[in-house]
Every structure is written in structure tokens, then in C-alpha cells.
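Visitor: If it helps, the file is called final-v6.cif and holds mmCIF, C-alpha atoms:
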data_start
loop_
_atom_site.group_PDB
_atom_site.id
_atom_site.type_symbol
_atom_site.label_atom_id
_atom_site.label_comp_id
_atom_site.auth_asym_id
_atom_site.auth_seq_id
_atom_site.Cartn_x
_atom_site.Cartn_y
_atom_site.Cartn_z
ATOM 1 C CA MET A 1 36.543 50.329 -62.587
ATOM 2 C CA THR A 2 38.947 49.288 -59.827
ATOM 3 C CA VAL A 3 38.824 50.340 -56.171
ATOM 4 C CA LYS A 4 41.970 52.416 -56.835
ATOM 5 C CA GLU A 5 40.291 54.311 -59.675
ATOM 6 C CA LEU A 6 37.221 54.871 -57.501
ATOM 7 C CA ILE A 7 39.402 56.345 -54.764
ATOM 8 C CA ASP A 8 41.150 58.698 -57.191
ATOM 9 C CA LYS A 9 38.032 59.826 -59.052
ATOM 10 C CA LEU A 10 35.865 60.333 -55.965
ATOM 11 C CA ASN A 11 38.590 61.642 -53.687
ATOM 12 C CA LEU A 12 37.995 58.965 -51.056
ATOM 13 C CA LYS A 13 40.208 58.558 -48.023
ATOM 14 C CA ILE A 14 41.715 55.105 -47.368
ATOM 15 C CA LEU A 15 41.189 53.681 -43.872
ATOM 16 C CA VAL A 16 42.154 50.070 -44.560
ATOM 17 C CA GLU A 17 44.039 49.117 -47.703
ATOM 18 C CA ASP A 18 44.081 45.593 -49.065
ATOM 19 C CA ASP A 19 43.670 44.748 -52.754
ATOM 20 C CA LEU A 20 42.954 48.096 -54.427
ATOM 21 C CA ASP A 21 43.070 46.474 -57.863
ATOM 22 C CA ARG A 22 39.768 44.709 -57.151
ATOM 23 C CA GLU A 23 37.041 45.434 -59.677
ATOM 24 C CA VAL A 24 33.956 47.371 -58.612
ATOM 25 C CA GLU A 25 31.035 46.274 -60.743
ATOM 26 C CA ASP A 26 28.079 47.446 -58.689
ATOM 27 C CA CYS A 27 27.044 49.585 -55.748
ATOM 28 C CA TYR A 28 24.869 48.816 -52.725
ATOM 29 C CA ILE A 29 23.576 50.999 -49.893
ATOM 30 C CA GLY A 30 22.390 49.609 -46.564
ATOM 31 C CA ASP A 31 22.842 49.860 -42.803
ATOM 32 C CA LEU A 32 20.748 46.975 -41.472
ATOM 33 C CA LEU A 33 23.480 44.348 -41.476
ATOM 34 C CA SER A 34 21.274 41.257 -41.520
ATOM 35 C CA TRP A 35 19.533 42.719 -44.554
ATOM 36 C CA VAL A 36 22.721 43.678 -46.367
ATOM 37 C CA MET A 37 24.253 40.262 -45.680
ATOM 38 C CA GLY A 38 21.961 38.429 -48.067
ATOM 39 C CA ARG A 39 21.552 41.207 -50.618
ATOM 40 C CA ALA A 40 24.734 43.164 -51.301
ATOM 41 C CA PRO A 41 26.049 41.954 -54.673
ATOM 42 C CA GLY A 42 29.577 40.542 -54.801
ATOM 43 C CA ASP A 43 32.217 42.876 -56.262
ATOM 44 C CA SER A 44 30.175 45.912 -55.279
ATOM 45 C CA ALA A 45 31.057 49.058 -53.372
ATOM 46 C CA TRP A 46 29.008 48.917 -50.165
ATOM 47 C CA LEU A 47 28.015 52.333 -48.826
ATOM 48 C CA THR A 48 27.096 52.384 -45.143
ATOM 49 C CA VAL A 49 27.428 54.257 -41.847
ATOM 50 C CA MET A 50 28.031 51.046 -39.892
ATOM 51 C CA GLY A 51 31.725 50.779 -39.069
ATOM 52 C CA ASN A 52 31.644 48.013 -36.479
ATOM 53 C CA ILE A 53 33.128 44.528 -36.386
ATOM 54 C CA ASN A 54 29.934 42.971 -37.735
ATOM 55 C CA SER A 55 30.157 45.133 -40.852
ATOM 56 C CA ILE A 56 33.508 43.540 -41.632
ATOM 57 C CA ALA A 57 31.958 40.091 -41.284
ATOM 58 C CA VAL A 58 29.122 41.087 -43.621
ATOM 59 C CA ALA A 59 31.596 42.505 -46.156
ATOM 60 C CA THR A 60 33.496 39.219 -46.047
ATOM 61 C CA LEU A 61 30.348 37.133 -46.468
ATOM 62 C CA ALA A 62 28.944 39.228 -49.295
ATOM 63 C CA ASP A 63 32.416 39.480 -50.854
ATOM 64 C CA VAL A 64 32.101 43.183 -51.668
ATOM 65 C CA SER A 65 35.055 45.001 -53.244
ATOM 66 C CA CYS A 66 35.144 47.665 -50.564
ATOM 67 C CA ILE A 67 33.231 49.302 -47.740
ATOM 68 C CA ILE A 68 32.769 53.051 -48.100
ATOM 69 C CA LEU A 69 31.872 54.729 -44.802
ATOM 70 C CA VAL A 70 29.784 57.714 -45.823
ATOM 71 C CA GLU A 71 29.287 61.011 -43.989
ATOM 72 C CA ASN A 72 32.561 60.409 -42.117
ATOM 73 C CA ALA A 73 30.977 57.578 -40.107
ATOM 74 C CA ALA A 74 33.431 56.174 -37.573
ATOM 75 C CA LEU A 75 35.353 52.914 -37.907
ATOM 76 C CA ASP A 76 35.753 51.038 -34.607
ATOM 77 C CA ASP A 77 39.277 49.970 -33.657
ATOM 78 C CA ASN A 78 38.425 46.268 -33.497
ATOM 79 C CA ALA A 79 36.678 46.560 -36.863
ATOM 80 C CA ARG A 80 39.825 48.060 -38.369
ATOM 81 C CA GLN A 81 41.884 45.166 -37.005
ATOM 82 C CA LYS A 82 39.480 42.559 -38.410
ATOM 83 C CA ALA A 83 39.427 44.327 -41.780
ATOM 84 C CA GLU A 84 43.225 44.233 -41.928
ATOM 85 C CA MET A 85 43.196 40.576 -40.923
ATOM 86 C CA HIS A 86 40.546 39.548 -43.457
ATOM 87 C CA GLY A 87 41.619 41.834 -46.272
ATOM 88 C CA VAL A 88 38.687 44.237 -46.574
ATOM 89 C CA ASN A 89 39.255 47.594 -48.269
ATOM 90 C CA ILE A 90 37.690 50.410 -46.237
ATOM 91 C CA LEU A 91 37.327 53.932 -47.567
ATOM 92 C CA THR A 92 35.611 57.004 -46.235
ATOM 93 C CA THR A 93 34.039 60.201 -47.518
ATOM 94 C CA GLU A 94 32.137 63.161 -46.117
ATOM 95 C CA GLU A 95 29.475 62.800 -48.803
ATOM 96 C CA ASN A 96 26.199 61.046 -48.060
ATOM 97 C CA ALA A 97 25.339 57.680 -49.573
ATOM 98 C CA TYR A 98 22.962 59.037 -52.197
ATOM 99 C CA ARG A 99 25.318 61.666 -53.596
ATOM 100 C CA LEU A 100 28.228 59.262 -53.650
ATOM 101 C CA ALA A 101 26.152 56.530 -55.296
ATOM 102 C CA VAL A 102 25.087 58.914 -58.042
ATOM 103 C CA LYS A 103 28.748 59.577 -58.823
ATOM 104 C CA ILE A 104 29.620 55.875 -58.679
ATOM 105 C CA SER A 105 26.775 55.177 -61.076
ATOM 106 C CA GLN A 106 28.210 57.659 -63.580
ATOM 107 C CA LEU A 107 31.624 56.023 -63.272
ATOM 108 C CA ILE A 108 30.672 52.362 -63.581
ATOM 109 C CA GLU A 109 27.809 52.736 -66.011
ATOM 110 C CA GLY A 110 29.510 55.423 -68.043
ATOM 111 C CA MET C 1 17.190 41.455 -38.292
ATOM 112 C CA ARG C 2 14.137 43.594 -38.937
ATOM 113 C CA GLU C 3 12.369 42.124 -35.903
ATOM 114 C CA LEU C 4 13.789 40.973 -32.582
ATOM 115 C CA SER C 5 11.452 37.972 -32.675
ATOM 116 C CA LEU C 6 13.683 36.602 -35.454
ATOM 117 C CA ASN C 7 16.678 36.848 -33.115
ATOM 118 C CA VAL C 8 14.665 34.950 -30.498
ATOM 119 C CA MET C 9 13.950 32.255 -33.073
ATOM 120 C CA ASP C 10 17.632 32.029 -33.953
ATOM 121 C CA VAL C 11 18.871 31.747 -30.355
ATOM 122 C CA ALA C 12 16.108 29.283 -29.407
ATOM 123 C CA GLN C 13 17.175 27.098 -32.337
ATOM 124 C CA ASN C 14 20.676 27.137 -30.857
ATOM 125 C CA SER C 15 19.100 25.807 -27.625
ATOM 126 C CA VAL C 16 17.436 23.031 -29.632
ATOM 127 C CA ARG C 17 20.776 22.129 -31.209
ATOM 128 C CA ALA C 18 22.286 22.119 -27.707
ATOM 129 C CA GLU C 19 19.784 19.341 -26.905
ATOM 130 C CA ALA C 20 17.873 21.306 -24.302
ATOM 131 C CA SER C 21 14.713 19.692 -22.918
ATOM 132 C CA VAL C 22 13.325 22.980 -21.575
ATOM 133 C CA VAL C 23 13.717 26.399 -23.181
ATOM 134 C CA ARG C 24 12.499 29.462 -21.261
ATOM 135 C CA ILE C 25 11.767 32.594 -23.253
ATOM 136 C CA THR C 26 11.063 35.653 -21.161
ATOM 137 C CA VAL C 27 10.075 39.011 -22.634
ATOM 138 C CA THR C 28 9.746 41.872 -20.179
ATOM 139 C CA GLU C 29 8.648 45.232 -21.466
ATOM 140 C CA SER C 30 8.261 48.316 -19.324
ATOM 141 C CA ASP C 31 7.285 51.780 -20.528
ATOM 142 C CA LYS C 32 7.883 53.018 -16.996
ATOM 143 C CA ASP C 33 11.539 51.910 -17.024
ATOM 144 C CA ASP C 34 11.938 52.430 -20.782
ATOM 145 C CA ARG C 35 13.299 48.888 -21.071
ATOM 146 C CA LEU C 36 12.675 45.753 -23.087
ATOM 147 C CA THR C 37 14.499 42.663 -21.918
ATOM 148 C CA ILE C 38 14.594 39.355 -23.759
ATOM 149 C CA GLU C 39 15.975 36.287 -22.050
ATOM 150 C CA ILE C 40 16.378 32.839 -23.578
ATOM 151 C CA ALA C 41 17.457 30.236 -21.028
ATOM 152 C CA ASP C 42 18.000 26.552 -21.764
ATOM 153 C CA ASN C 43 19.175 23.426 -19.972
ATOM 154 C CA GLY C 44 21.177 22.251 -22.985
ATOM 155 C CA CYS C 45 24.780 21.118 -23.138
ATOM 156 C CA GLY C 46 26.175 24.560 -22.331
ATOM 157 C CA MET C 47 29.443 26.110 -23.413
ATOM 158 C CA THR C 48 32.899 26.808 -22.039
ATOM 159 C CA GLN C 49 33.984 30.437 -21.601
ATOM 160 C CA GLU C 50 36.038 30.063 -24.753
ATOM 161 C CA GLN C 51 33.012 28.888 -26.729
ATOM 162 C CA VAL C 52 30.948 31.809 -25.415
ATOM 163 C CA GLN C 53 33.610 34.200 -26.725
ATOM 164 C CA GLN C 54 33.469 32.405 -30.062
ATOM 165 C CA VAL C 55 29.699 32.731 -30.538
ATOM 166 C CA ILE C 56 29.826 36.491 -30.024
ATOM 167 C CA ASP C 57 32.690 36.732 -32.510
ATOM 168 C CA PRO C 58 31.178 37.366 -35.956
ATOM 169 C CA PHE C 59 34.091 35.587 -37.611
ATOM 170 C CA PHE C 60 33.479 32.292 -35.879
ATOM 171 C CA THR C 61 30.935 29.552 -36.396
ATOM 172 C CA THR C 62 30.833 25.856 -35.685
ATOM 173 C CA ARG C 63 29.161 25.391 -39.039
ATOM 174 C CA THR C 64 31.552 24.532 -41.804
ATOM 175 C CA THR C 65 29.554 26.062 -44.641
ATOM 176 C CA ARG C 66 30.871 29.584 -44.080
ATOM 177 C CA LYS C 67 33.541 31.195 -42.055
ATOM 178 C CA VAL C 68 31.414 33.672 -40.116
ATOM 179 C CA GLY C 69 28.248 33.262 -38.027
ATOM 180 C CA LEU C 70 26.250 36.388 -37.414
ATOM 181 C CA GLY C 71 23.140 35.351 -35.464
ATOM 182 C CA VAL C 72 24.434 36.148 -31.993
ATOM 183 C CA PRO C 73 26.693 39.085 -32.984
ATOM 184 C CA LEU C 74 23.784 40.876 -34.657
ATOM 185 C CA PHE C 75 21.505 40.192 -31.672
ATOM 186 C CA LYS C 76 24.204 41.746 -29.475
ATOM 187 C CA LEU C 77 24.551 44.736 -31.807
ATOM 188 C CA SER C 78 20.780 45.313 -31.818
ATOM 189 C CA ALA C 79 20.794 45.692 -28.030
ATOM 190 C CA GLU C 80 23.966 47.738 -27.767
ATOM 191 C CA GLN C 81 22.947 50.223 -30.451
ATOM 192 C CA THR C 82 19.993 51.285 -28.269
ATOM 193 C CA GLY C 83 22.267 51.859 -25.275
ATOM 194 C CA GLY C 84 21.237 48.511 -23.825
ATOM 195 C CA SER C 85 23.317 45.485 -22.932
ATOM 196 C CA PHE C 86 23.907 41.877 -23.950
ATOM 197 C CA ASP C 87 25.122 38.934 -21.943
ATOM 198 C CA ILE C 88 25.584 35.176 -22.277
ATOM 199 C CA GLN C 89 25.961 33.046 -19.160
ATOM 200 C CA SER C 90 26.788 29.431 -19.846
ATOM 201 C CA GLU C 91 28.041 26.416 -18.022
ATOM 202 C CA LYS C 92 29.055 23.093 -19.528
ATOM 203 C CA GLY C 93 26.416 20.458 -18.736
ATOM 204 C CA VAL C 94 24.065 22.999 -17.134
ATOM 205 C CA GLY C 95 22.809 25.263 -19.890
ATOM 206 C CA THR C 96 22.947 28.691 -21.431
ATOM 207 C CA THR C 97 21.151 31.951 -20.689
ATOM 208 C CA THR C 98 21.228 34.734 -23.250
ATOM 209 C CA THR C 99 19.966 38.148 -22.186
ATOM 210 C CA ALA C 100 19.453 41.195 -24.404
ATOM 211 C CA SER C 101 18.303 44.428 -22.838
ATOM 212 C CA TYR C 102 17.093 47.425 -24.847
ATOM 213 C CA VAL C 103 16.371 51.083 -24.220
ATOM 214 C CA LYS C 104 12.918 51.115 -25.807
ATOM 215 C CA SER C 105 12.725 54.781 -26.722
ATOM 216 C CA HIS C 106 16.038 54.778 -28.627
ATOM 217 C CA VAL C 107 15.601 55.700 -32.273
ATOM 218 C CA ASP C 108 17.631 52.635 -33.346
ATOM 219 C CA MET C 109 15.335 50.283 -31.398
ATOM 220 C CA THR C 110 14.361 47.303 -33.544
ATOM 221 C CA PRO C 111 10.672 46.389 -33.142
ATOM 222 C CA LEU C 112 9.963 43.212 -31.188
ATOM 223 C CA GLY C 113 7.826 41.923 -34.032
ATOM 224 C CA ASP C 114 5.544 38.915 -34.000
ATOM 225 C CA ILE C 115 6.919 37.126 -30.956
ATOM 226 C CA ASN C 116 3.726 35.079 -30.541
ATOM 227 C CA SER C 117 4.204 33.467 -33.945
ATOM 228 C CA THR C 118 7.824 32.782 -33.079
ATOM 229 C CA VAL C 119 6.759 30.949 -29.912
ATOM 230 C CA LYS C 120 4.098 29.013 -31.776
ATOM 231 C CA ILE C 121 6.484 28.001 -34.566
ATOM 232 C CA LEU C 122 9.116 26.898 -32.056
ATOM 233 C CA ILE C 123 6.573 24.632 -30.353
ATOM 234 C CA GLN C 124 5.307 23.367 -33.694
ATOM 235 C CA CYS C 125 8.776 22.517 -34.989
ATOM 236 C CA ASN C 126 10.034 21.037 -31.720
ATOM 237 C CA PRO C 127 7.055 19.209 -30.167
ATOM 238 C CA ASP C 128 9.285 17.092 -27.935
ATOM 239 C CA ILE C 129 10.914 20.084 -26.253
ATOM 240 C CA ASP C 130 9.199 22.083 -23.527
ATOM 241 C CA PHE C 131 8.911 25.843 -23.862
ATOM 242 C CA VAL C 132 8.071 28.233 -21.069
ATOM 243 C CA TYR C 133 7.161 31.621 -22.496
ATOM 244 C CA THR C 134 6.571 34.515 -20.133
ATOM 245 C CA ASN C 135 5.586 37.996 -21.268
ATOM 246 C CA THR C 136 5.418 40.827 -18.773
ATOM 247 C CA THR C 137 4.448 44.482 -19.178
ATOM 248 C CA ASP C 138 3.599 47.274 -16.731
ATOM 249 C CA ASN C 139 0.013 46.001 -16.918
ATOM 250 C CA GLY C 140 0.604 42.381 -15.988
ATOM 251 C CA SER C 141 2.105 39.083 -16.989
ATOM 252 C CA PHE C 142 1.230 35.710 -18.466
ATOM 253 C CA THR C 143 3.010 32.420 -19.022
ATOM 254 C CA LEU C 144 2.586 29.610 -21.514
ATOM 255 C CA ASP C 145 4.172 26.442 -20.158
ATOM 256 C CA THR C 146 4.020 23.454 -22.485
ATOM 257 C CA ARG C 147 4.625 21.114 -19.533
ATOM 258 C CA GLU C 148 1.235 22.175 -18.164
ATOM 259 C CA LEU C 149 -0.337 21.636 -21.588
ATOM 260 C CA ARG C 150 1.099 18.122 -21.735
ATOM 261 C CA GLU C 151 -0.527 17.248 -18.413
ATOM 262 C CA VAL C 152 -3.919 18.111 -19.844
ATOM 263 C CA LEU C 153 -3.283 16.686 -23.305
ATOM 264 C CA GLY C 154 -1.950 13.287 -22.251
ATOM 265 C CA ASP C 155 -0.723 11.498 -25.381
ATOM 266 C CA VAL C 156 -1.831 14.221 -27.797
ATOM 267 C CA SER C 157 1.209 15.854 -29.407
ATOM 268 C CA LEU C 158 1.749 19.611 -29.127
ATOM 269 C CA ASP C 159 2.035 19.971 -32.887
ATOM 270 C CA THR C 160 -1.517 18.887 -33.686
ATOM 271 C CA PRO C 161 -3.499 21.653 -35.432
ATOM 272 C CA ASP C 162 -6.134 22.039 -32.686
ATOM 273 C CA VAL C 163 -3.485 22.432 -30.007
ATOM 274 C CA LEU C 164 -1.519 24.946 -32.077
ATOM 275 C CA GLU C 165 -4.682 26.930 -32.720
ATOM 276 C CA TRP C 166 -5.408 26.969 -29.008
ATOM 277 C CA ILE C 167 -1.843 28.150 -28.315
ATOM 278 C CA ALA C 168 -2.145 30.939 -30.882
ATOM 279 C CA ASP C 169 -5.457 32.100 -29.377
ATOM 280 C CA TYR C 170 -4.101 31.903 -25.840
ATOM 281 C CA LEU C 171 -1.064 34.014 -26.758
ATOM 282 C CA GLU C 172 -3.158 36.554 -28.645
ATOM 283 C CA GLU C 173 -5.745 37.005 -25.902
ATOM 284 C CA ASN C 174 -3.207 37.325 -23.119
ATOM 285 C CA THR C 175 -1.038 39.687 -25.142
ATOM 286 C CA LYS C 176 -4.051 41.935 -25.657
ATOM 287 C CA SER C 177 -4.781 41.956 -21.970
ATOM 288 C CA ILE C 178 -1.274 43.000 -20.886
ATOM 289 C CA TYR C 179 -0.639 45.431 -23.735
ATOM 290 C CA GLY C 180 -4.022 47.060 -23.212
ATOM 291 C CA GLY C 181 -5.070 46.402 -26.823
ATOM 292 C CA ALA C 182 -8.669 46.334 -28.000
#
Is it possible to express this structure as C-alpha cells?
Guide:
Amino acid sequence: MTVKELIDKLNLKILVEDDLDREVEDCYIGDLLSWVMGRAPGDSAWLTVMGNINSIAVATLADVSCIILVENAALDDNARQKAEMHGVNILTTEENAYRLAVKISQLIEG
Amino acid sequence: MRELSLNVMDVAQNSVRAEASVVRITVTESDKDDRLTIEIADNGCGMTQEQVQQVIDPFFTTRTTRKVGLGVPLFKLSAEQTGGSFDIQSEKGVGTTTTASYVKSHVDMTPLGDINSTVKILIQCNPDIDFVYTNTTDNGSFTLDTRELREVLGDVSLDTPDVLEWIADYLEENTKSIYGGA
């Protein structure tokens, strides 16, 4: 499953577009950035409400495929700039993390 | 971080790396003012204004192992997400003071955590550096100053088990008295 396919199947809105052909192999949910930093699996879709500059740094460190801001959580302007600079895909949805994760699970685990 | 005491540990270790000889850790908690303020002040090598901007930038670190350093940025975030504030004052050759101020009652307030253990571990791991820890609440205040301990101890190092046990007891007893615990 690529980020592009995820966007199409789940009707996600693109906030920052980089490499949409990246594979999504897993999913992780978390908002405490220091916790997520050491635990989010690489190549995963990271579901969070934290759209600040530190989230972009965490996404870069953990090497996730994309950030999905759930429940229409806001993306800060400086975070958007850093995401564009460092090539982090950022998507958004009005769904909450649980409901979105259930759908992602069905998609990547068949 | 799940506890602010871990942020204190992180910043104090930066002071150690900056070759400080004295590190002052001040925790001031007031229910009356709904504020918790943490200050870590050192007399280490200090930073230029440019370097200060770099340490609060999550994409910068002086370490070469990774391209982002998140200790200070996450400390800053923890304060700001409660409606508090964060500030670093630094001068080359003089030292650095980091201050994080929190609105205690905010729902996103991170617990202070086991600050006493943090202080004890810092002393244990850096027995040649002096630490001055002051904790203040609406009920009172106490200070642990390792320079005073050294005067009494003479040649005995601060990281000997008996001394560390005394420090732990001292911190625990005084914390109880100013937090009104049992």
C-alpha cells in the first residue's frame, strides 16, 4: 500500500506532498512526541493531533511514510515549511485516530 | 517526556557538557498563582545568540549521530502547551539559564515526576560538579547545596553510598514538609 493509495481509499486531504509512492507498512498512533520518537515504526502512517514543528522532526527521526493529522487537527505554518523542506508527507482527515486506524488495518493487512 | 524531571535531567546534562562547575536547579510551585517554574542555571561555557536559536530548533544538534536534537524543543513545547513560557538566556564565557514556566492547572500539564531522584542521580554521576537545588512551594522552601556538604565532608566524595542516602533522605523529608505530605 502506498501513501497515494491510502489517500485515495481513505479520502484524505493532502497538506504537504512529497513522495506519495512511499510504502505504508504499518500504522502508529501517538501524541506524546518524546514517546512516539523512539517507538513509531519506520514506513508507518503516524496518526496524531500534534501538527507543530517538533512533530516534523519526530517524523523525520522515526522515518514514517506520512503524518496523518486526525480530527482536522491544525498544522502550524512553520511546521508546514519544515515538512516541505525535509520531505514529509502530511495528510489530514476529520475522522478520529481509532476509526482511521481500523480502516488502515483493513487496507494493509487485507 | 512523560515527566518534567526527565527534561531537567537532560538540560542539566547539557550544563555538564558545557563544563559548568556549579549548576543551580530551582523548582518553584505555587497553587496560589497556578504556576510551576523550573530554572536550570549554569556557569558553563555559554552560547552565542545563534547557538541559542539552534538548540531550540528541533532540526539542529551538535551531535553528529542524527540530524535533529529534540531535548530542548520538547521541553519548550511542554511549557508552551500549558499556556506557559520558555526562555534561554546565555552568554559566552558566563553561562546559560533555561527557564520553563507552566500553568499548573492546564489539562496538558506534564507531571513534574520524581525530581528528587533526578537531583540525586545528577550528583551521583557528576560528583565533581556542585549542584544547588532549591524547591519552593506556597508552604515554604528548602535548598540542597553540595558546596555546603563538601565543607562538612572534607575529602569524602559526594558519590559515596552513605552520602547519597543522606541526600535522598534530606530531599524526601524536606519535600514532605513543603508539600504538606504525611
Visitor: Carefully work through the PyMOL selection byres ((chain C and resi 176) around 12) for this structure and note down the residues it includes, as a PyMOL selection string.
Guide: chain C and resi 116+135-137+139-142+169-175+177-182
Visitor: With the cut-off set at 12 Å and counting all atoms listed in the file, tabulate each residue of chain A with an atom at most that distance from an atom of chain C, showing the nearest atom pair and its distance in Å to one decimal, ordered by chain and increasing number, as a Markdown table.
Guide:
| residue | atom | partner | partner_atom | distance |
| --- | --- | --- | --- | --- |
| A:Asp31 | CA | C:Met1 | CA | 11.1 |
| A:Leu32 | CA | C:Met1 | CA | 7.3 |
| A:Leu33 | CA | C:Met1 | CA | 7.6 |
| A:Ser34 | CA | C:Met1 | CA | 5.2 |
| A:Trp35 | CA | C:Met1 | CA | 6.8 |
| A:Val36 | CA | C:Met1 | CA | 10.0 |
| A:Met37 | CA | C:Leu70 | CA | 9.3 |
| A:Gly38 | CA | C:Met1 | CA | 11.3 |
| A:Met50 | CA | C:Gln81 | CA | 10.8 |
| A:Gly51 | CA | C:Leu77 | CA | 11.9 |
| A:Asn52 | CA | C:Leu77 | CA | 9.1 |
| A:Ile53 | CA | C:Pro58 | CA | 7.4 |
| A:Asn54 | CA | C:Pro58 | CA | 6.0 |
| A:Ser55 | CA | C:Pro58 | CA | 9.2 |
| A:Ile56 | CA | C:Pro58 | CA | 8.7 |
| A:Ala57 | CA | C:Pro58 | CA | 6.0 |
| A:Val58 | CA | C:Leu70 | CA | 8.3 |
| A:Ala59 | CA | C:Val68 | CA | 10.7 |
| A:Thr60 | CA | C:Val68 | CA | 8.4 |
| A:Leu61 | CA | C:Val68 | CA | 7.3 |
| A:Ala62 | CA | C:Val68 | CA | 11.0 |
| A:Asn78 | CA | C:Asp57 | CA | 11.2 |
| A:Ala79 | CA | C:Pro58 | CA | 10.8 |
| A:Lys82 | CA | C:Phe59 | CA | 8.8 |
| A:Ala83 | CA | C:Phe59 | CA | 11.1 |
| A:Met85 | CA | C:Phe59 | CA | 10.9 |
| A:His86 | CA | C:Phe59 | CA | 9.6 |
Visitor: Using only C-alpha atoms, find the one residue out of C:Ser105, C:Val156, C:Asp130, C:Ala18 that sits nearest to C:Lys92.
Guide: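 Nearest to C:Lys92: C:Ala18.
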Visitor: Determine the residue set returned by the PyMOL selection byres ((chain C and resi 27) around 10) for the present structure, and present it as an MDAnalysis selection string.
Guide: chainID C and resid 8 24:26 28:29 36:40 99:101 112 115 133:137 141
Visitor: One decimal, in Å: what's the spacing between atom CA of A:Leu100 and atom CA of A:Met1?
Guide: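 Going from atom CA of A:Leu100 over to atom CA of A:Met1 covers 15.1 Å.
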Visitor: List the spatial neighbours of C:Ala12 as an mmCIF file with C-alpha atoms, in the coordinates of the input - criterion: any atom at most 12 Å away, all atoms listed in the file, same-chain residues fewer than 4 positions off excluded.
Guide:
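Below you can see part27.cif, which holds the result:
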data_model
loop_
_atom_site.group_PDB
_atom_site.id
_atom_site.type_symbol
_atom_site.label_atom_id
_atom_site.label_comp_id
_atom_site.auth_asym_id
_atom_site.auth_seq_id
_atom_site.Cartn_x
_atom_site.Cartn_y
_atom_site.Cartn_z
ATOM 1 C CA SER C 5 11.452 37.972 -32.675
ATOM 2 C CA LEU C 6 13.683 36.602 -35.454
ATOM 3 C CA ASN C 7 16.678 36.848 -33.115
ATOM 4 C CA VAL C 8 14.665 34.950 -30.498
ATOM 5 C CA VAL C 16 17.436 23.031 -29.632
ATOM 6 C CA ARG C 17 20.776 22.129 -31.209
ATOM 7 C CA ALA C 18 22.286 22.119 -27.707
ATOM 8 C CA GLU C 19 19.784 19.341 -26.905
ATOM 9 C CA ALA C 20 17.873 21.306 -24.302
ATOM 10 C CA SER C 21 14.713 19.692 -22.918
ATOM 11 C CA VAL C 22 13.325 22.980 -21.575
ATOM 12 C CA VAL C 23 13.717 26.399 -23.181
ATOM 13 C CA ARG C 24 12.499 29.462 -21.261
ATOM 14 C CA ILE C 25 11.767 32.594 -23.253
ATOM 15 C CA THR C 26 11.063 35.653 -21.161
ATOM 16 C CA ILE C 38 14.594 39.355 -23.759
ATOM 17 C CA GLU C 39 15.975 36.287 -22.050
ATOM 18 C CA ILE C 40 16.378 32.839 -23.578
ATOM 19 C CA ALA C 41 17.457 30.236 -21.028
ATOM 20 C CA ASP C 42 18.000 26.552 -21.764
ATOM 21 C CA ASN C 43 19.175 23.426 -19.972
ATOM 22 C CA GLY C 44 21.177 22.251 -22.985
ATOM 23 C CA GLY C 71 23.140 35.351 -35.464
ATOM 24 C CA VAL C 72 24.434 36.148 -31.993
ATOM 25 C CA THR C 96 22.947 28.691 -21.431
ATOM 26 C CA THR C 97 21.151 31.951 -20.689
ATOM 27 C CA THR C 98 21.228 34.734 -23.250
ATOM 28 C CA THR C 118 7.824 32.782 -33.079
ATOM 29 C CA VAL C 119 6.759 30.949 -29.912
ATOM 30 C CA ILE C 121 6.484 28.001 -34.566
ATOM 31 C CA LEU C 122 9.116 26.898 -32.056
ATOM 32 C CA ILE C 123 6.573 24.632 -30.353
ATOM 33 C CA CYS C 125 8.776 22.517 -34.989
ATOM 34 C CA ASN C 126 10.034 21.037 -31.720
ATOM 35 C CA ILE C 129 10.914 20.084 -26.253
ATOM 36 C CA ASP C 130 9.199 22.083 -23.527
ATOM 37 C CA PHE C 131 8.911 25.843 -23.862
ATOM 38 C CA VAL C 132 8.071 28.233 -21.069
ATOM 39 C CA TYR C 133 7.161 31.621 -22.496
#
Visitor: If we count all atoms listed in the file, what is near C:Asp33 at a cut-off of 10 Å, once residues fewer than 4 positions away on the same chain are taken out, given as a list in words?
Guide: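 Counting only the stated atoms, we get Glu29, Val103, Lys104 and Asp138 of chain C.
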Visitor: Restricting the output to C-alpha atoms, write the selected residues as a compact mmCIF listing (two decimals), in the frame of the given file.
Guide:
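Done, and the output landed in out.txt:
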# COMPACT_ATOMS: atom_id res chain seq x y z
CA GLU C 29 8.65 45.23 -21.47
CA VAL C 103 16.37 51.08 -24.22
CA LYS C 104 12.92 51.12 -25.81
CA ASP C 138 3.60 47.27 -16.73
Visitor: Taking the file as I've supplied it (selection: the PyMOL selection byres ((chain A and resi 19) around 10)), which residues are included? Please answer as a short mmCIF file (atom, residue, chain, number, x, y, z; two decimals) with C-alpha atoms, keeping the file's coordinate frame.
Guide:
data_model
loop_
_atom_site.label_atom_id
_atom_site.label_comp_id
_atom_site.auth_asym_id
_atom_site.auth_seq_id
_atom_site.Cartn_x
_atom_site.Cartn_y
_atom_site.Cartn_z
CA THR A 2 38.95 49.29 -59.83
CA VAL A 3 38.82 50.34 -56.17
CA LYS A 4 41.97 52.42 -56.84
CA VAL A 16 42.15 50.07 -44.56
CA GLU A 17 44.04 49.12 -47.70
CA ASP A 18 44.08 45.59 -49.06
CA LEU A 20 42.95 48.10 -54.43
CA ASP A 21 43.07 46.47 -57.86
CA ARG A 22 39.77 44.71 -57.15
CA GLU A 23 37.04 45.43 -59.68
CA SER A 65 35.06 45.00 -53.24
CA CYS A 66 35.14 47.66 -50.56
CA GLY A 87 41.62 41.83 -46.27
CA VAL A 88 38.69 44.24 -46.57
CA ASN A 89 39.26 47.59 -48.27
#
Visitor: Atom CA of C:Thr110 and atom CA of C:Gly84 are how many Å apart?
Guide: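 Atom CA of C:Gly84 lies at a distance of 12.0 Å from atom CA of C:Thr110.
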Visitor: Can you tell me, as a VMD selection string, which residues sit within 10 Å of (1.6, 18.6, -24.4) in the file's frame, using all atoms listed in the file?
Guide: chain C and resid 123 127 to 130 145 to 160 163
Visitor: Counting only C-alpha atoms, which residue out of A:Val24, A:Ala74, A:Ile104, A:Ala97 sits closest to A:Leu47?
Guide: A:Ala97
Visitor: Considering only C-alpha atoms, can you say which of C:Gln124, C:Cys45, C:Arg35, C:Val55 comes closest to C:Gly83?
Guide: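 Closest to C:Gly83, using only C-alpha atoms: C:Arg35.
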Visitor: What does the distance between atom CA of A:Glu25 and atom CA of A:Pro41 come to in Å, to one decimal place?
Guide: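 Separation between atom CA of A:Glu25 and atom CA of A:Pro41: 9.0 Å.
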Visitor: Looking at all atoms listed in the file, which of A:Arg99, A:Gln106, A:Leu15, A:Asp63 is the one that sits closest to A:Asp76?
Guide: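 Comparing A:Arg99, A:Gln106, A:Leu15, A:Asp63 against A:Asp76, the winner is A:Leu15.
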